[in-house]
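Worksheet: the structure to be examined is printed underneath.
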Amino acid sequence: MVPVTVNPPAITAYPDALHGVEREIAAENRRIIIHLDMDSFYASVEVQRRPDLAGKPVVIGADPKQGKGRGVVSTCSYEARAFGIRSAMPISQAFVLCPHAIFLPPDFPAYTQASVAVMGILRSYGFLMEQVSIDEAFLDVSPVGNFPDAQARAEEIRAAIRNRLGLSCSIGIAPSMAVAKIASDFKKPNGLTVVPPAALQAFLDPLPVRKIPGVGKKAEALLLEMGIRTVGDLLGHDVQDLIGRFGRSAIALHQLACGNDDREIVDSHDVKSISRETTFDMDTDDPEVIISTLDLLASSVCDTLAEEQLRFKTLTLKIRYPGFITRNKSRSLSHYSRDPATVRSLVRILFREVYDGRKIRLIGIRLSSFEKTDALQATLCL
Ligand code: TTP
Ligand code: MG
């Protein structure tokens with residue numbers, strides 16, 4: 001079975017799987033999960049408020065300084081992606097690829113505000129919902145009972161986001177969180193991909209193994225060495241051989257390749273943590289790049305903190321070196337805070353304590369242990 005475009009170019013579905021027996025299968029207590037991810041999120045927010053940017057290559061990130069700038073691309077419009085520009089790429093490289101692109105600094109308060117608006121629309125549908133990043137969320141729409149009705153609901157949600165906010169998103173619908181996430185990425189931008197249970201394996205089999213959550217560059221290279229390129233190749237491969245190479249994680253990998261993912265959606269209304277991280281396109285030990293990236297991440301978590309009207313007590317710095325060696329270091333304040341300067345200085349202190357001078361692949365900040373700030377108090381504390 002191959003994907004068939006039902007409502008070109010945006011909707012990919014399996015029409016023969018949407019009727020008859022599949023309706024019955026779906027009705028049999030099957031889970032129906034939606035994953036929604038906004039398209040080129042930061043860039044789309046900029047284009048939405050500046051219509052003159054529509055259709056142009058727009059790059060959000062560090063100042064390119066005519067090609068001499070340090071720092072990285074946060075994201076870019078799909079028009080800029082046509083030039084080869086990608087998230088986390090050095091901004092200097094983006095400038096070489098497309099010098100006439102419109103380069104804009106990030107405006108985190110605007111993105112946080114748009115994110116809150118998107119999540120508000122999603123929440124208004126009343127399903128169990130888990131927000132997993134600034135621009136993506138899962139909904140458990142099992143109560144609608146079948147995939148065609150879930151698709152209709154997804155189309156409503158997509159139209160509401162477009163009509164009310166002028167932003168586009170891509171949606172995947174599947175029986176598990178992992179497959180819904182793969183499906184939302186399948187036809188970006190403005191895609192809707194429906195994978196009912198009967199079409200699950202036909203959807204997964206031809207995909208490159210890299211699409212399986214958790215398979216990074218290194219695992220992909222190992223799998224390729226073993227002659228495994230697609231999910232189908234993986235399932236056709238001897239499991240014992242996979243265990244020999246990957247240990248116990250081979251079993252989880254095999255389960256995901258079958259689309260099995262038992263994770264439940266955890267309602268994210270009660271914020272447990274606020275985190276942001278950046279993977280450098282090229283590993284770096286340049287202090288200027290690292291510190292400026294940390295400052296950007298700090299501003300971003302602080303904006304979400306303010307938007308959620310929270311104060312935090314614990315900050316965790318995460319550094320990943322090449323080879324997936326990750327160091328986390330946390331520090332708790334003696335009092336709750338919502339002060340960006342406190343976040344920035346705590347980040348720097350932790351960085352000095354934990355950084356060993358090696359090249360860094362990924363860096364991140366997480367805030368946790370929250371207390372709600374009431375609106376009046378928030379105003380007075382300014
Ligand atoms: P993504 O959803 O990964 O990317 P995107 O929404 O820009 O594009 P896509 O259409 O492929 O979904 O990330 C959401 C936002 O997070 C993105 O707009 C900017 C920010 N971000 C970074 O700042 N650095 C990064 O390396 C990535 C991947 C995202
Ligand atoms: Mg996105």
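Each chain of the structure tokens is named A, B, ... in the order shown, its residues numbered from 1; ligands are numbered from 1 in display order.
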
Please, which residues in range 250-344 of chain A fall within 10 Å of range 204-227 of chain A when counting only C-alpha atoms, and what is the closest atom pair and distance in Å to one decimal for each, ordered by chain then residue number, as CSV?
```
residue,atom,partner,partner_atom,distance
A:Ala252,CA,A:Gly214,CA,9.8
A:Leu253,CA,A:Ile212,CA,7.9
A:His254,CA,A:Ile212,CA,9.9
A:Leu256,CA,A:Ile212,CA,6.9
A:Ala257,CA,A:Ile212,CA,6.9
A:Cys258,CA,A:Leu204,CA,7.7
A:Gly259,CA,A:Leu204,CA,7.5
A:Gly323,CA,A:Lys218,CA,8.4
A:Phe324,CA,A:Lys218,CA,9.5
```

| field | Surrounding residues as a ChimeraX atom specification, ligand 1, max 9 Å, only C-alpha atoms and all ligand atoms | value | /A:37-45,60-61,72-78,86-89,106,111,133-136,168-170,185,188-190,276-281,296-297

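In this comparison, which uses only C-alpha atoms, the residue of A:Arg311, A:Arg49, A:Arg70, A:Arg229 approaching Thr293 in chain A most closely is A:Arg70.
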
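Taking CA of Leu346 in chain A and CA of Thr326 in chain A as the two end points, the separation is 19.1 Å.
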
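Pairwise distance (CA of Ala54 in chain A, CA of Thr112 in chain A) equals 21.0 Å.
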
| query | Counting only C-alpha atoms, what is within 6 Å of Asp283 in chain A, bar same-chain residues fewer than 4 positions away, as a PyMOL selection string? | reply | chain A and resi 359-361

| said: Using Å and a single decimal, report how far CA of Arg153 in chain A sits from CA of Phe203 in chain A. | reply: 21.5 Å

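Using only C-alpha atoms and all ligand atoms, the smallest distance between any of A:Gln48, A:Ser332, A:Ser273, A:Ser184 and ligand 2 comes from A:Ser184.
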
| request: Tell me, as a list in words, which residues lie within 7 Å of range 340-343 of chain A, counting only C-alpha atoms; anything in the same chain fewer than 4 positions away does not count. | output: Ala298, Ser299, Cys302 and Val347 of chain A

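Within range 314-354 of chain A, DSSP applied to the backbone places the following residues in strand (DSSP E or B): Thr314, Leu315, Thr316, Leu317, Lys318, Ile319, Arg320, Tyr321, Ile325, Thr326, Arg327, Asn328, Lys329, Ser330, Arg331, Ser332, Leu333, Ser334, His335, Tyr336 and Ser337 of chain A.
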
Please identify all polymer residues within 10 Å of Val132 in chain A, counting only C-alpha atoms, omitting same-chain residues fewer than 3 positions from it, and present them as a tab-separated table (two decimals) with N, CA, C and O atoms, in the first residue's frame.
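For reference, selection12.tsv as written:
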```tsv
chain	number	residue	atom	x	y	z
A	35	HIS	N	-0.40	14.25	16.40
A	35	HIS	CA	0.78	15.08	16.70
A	35	HIS	C	0.75	16.27	15.76
A	35	HIS	O	0.59	16.11	14.55
A	37	ASP	N	2.73	19.87	14.66
A	37	ASP	CA	3.97	20.64	14.73
A	37	ASP	C	3.85	21.84	13.78
A	37	ASP	O	3.51	21.67	12.60
A	129	MET	N	-4.04	16.43	26.40
A	129	MET	CA	-3.04	17.09	25.55
A	129	MET	C	-1.69	17.18	26.25
A	129	MET	O	-1.62	17.41	27.44
A	135	ASP	N	6.49	24.48	19.80
A	135	ASP	CA	5.59	24.46	18.63
A	135	ASP	C	4.99	23.10	18.33
A	135	ASP	O	4.52	22.88	17.22
A	136	GLU	N	5.00	22.18	19.30
A	136	GLU	CA	4.40	20.87	18.99
A	136	GLU	C	3.66	20.30	20.20
A	136	GLU	O	4.01	20.57	21.35
A	137	ALA	N	2.66	19.51	19.89
A	137	ALA	CA	1.85	18.90	20.96
A	137	ALA	C	1.20	17.62	20.46
A	137	ALA	O	1.00	17.43	19.26
A	138	PHE	N	0.91	16.75	21.42
A	138	PHE	CA	0.14	15.54	21.14
A	138	PHE	C	-1.26	15.73	21.70
A	138	PHE	O	-1.43	16.33	22.78
A	266	VAL	N	0.78	12.62	28.62
A	266	VAL	CA	0.74	13.16	29.97
A	266	VAL	C	0.24	14.59	29.87
A	266	VAL	O	0.86	15.41	29.18
A	268	SER	N	-0.13	18.19	29.94
A	268	SER	CA	0.95	19.14	30.22
A	268	SER	C	0.44	20.44	30.84
A	268	SER	O	1.16	21.41	30.88
A	274	ILE	N	10.54	23.71	32.01
A	274	ILE	CA	10.61	24.51	30.78
A	274	ILE	C	12.03	24.33	30.27
A	274	ILE	O	12.98	24.63	30.99
A	275	SER	N	12.17	23.79	29.08
A	275	SER	CA	13.54	23.58	28.60
A	275	SER	C	13.70	24.00	27.16
A	275	SER	O	12.75	24.01	26.38
```

| task | Output as a ChimeraX atom specification all residues of range 72-301 of chain A that backbone DSSP marks as helix (DSSP H, G or I). | result | /A:78-81,91-97,108-123,142-144,147-165,177-184,197-204,209-211,217-225,231-236,239-246,249-257,287-301

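Closest approach to ligand 2 from the set A:Lys181, A:Arg245, A:Arg331, A:Arg338 is made by A:Lys181, with distances taken over only C-alpha atoms and all ligand atoms.
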
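Across A:Leu167, A:Ile157, A:Tyr321, A:Ser142, the tightest approach to ligand 2 is made by A:Leu167 when counting only C-alpha atoms and all ligand atoms.
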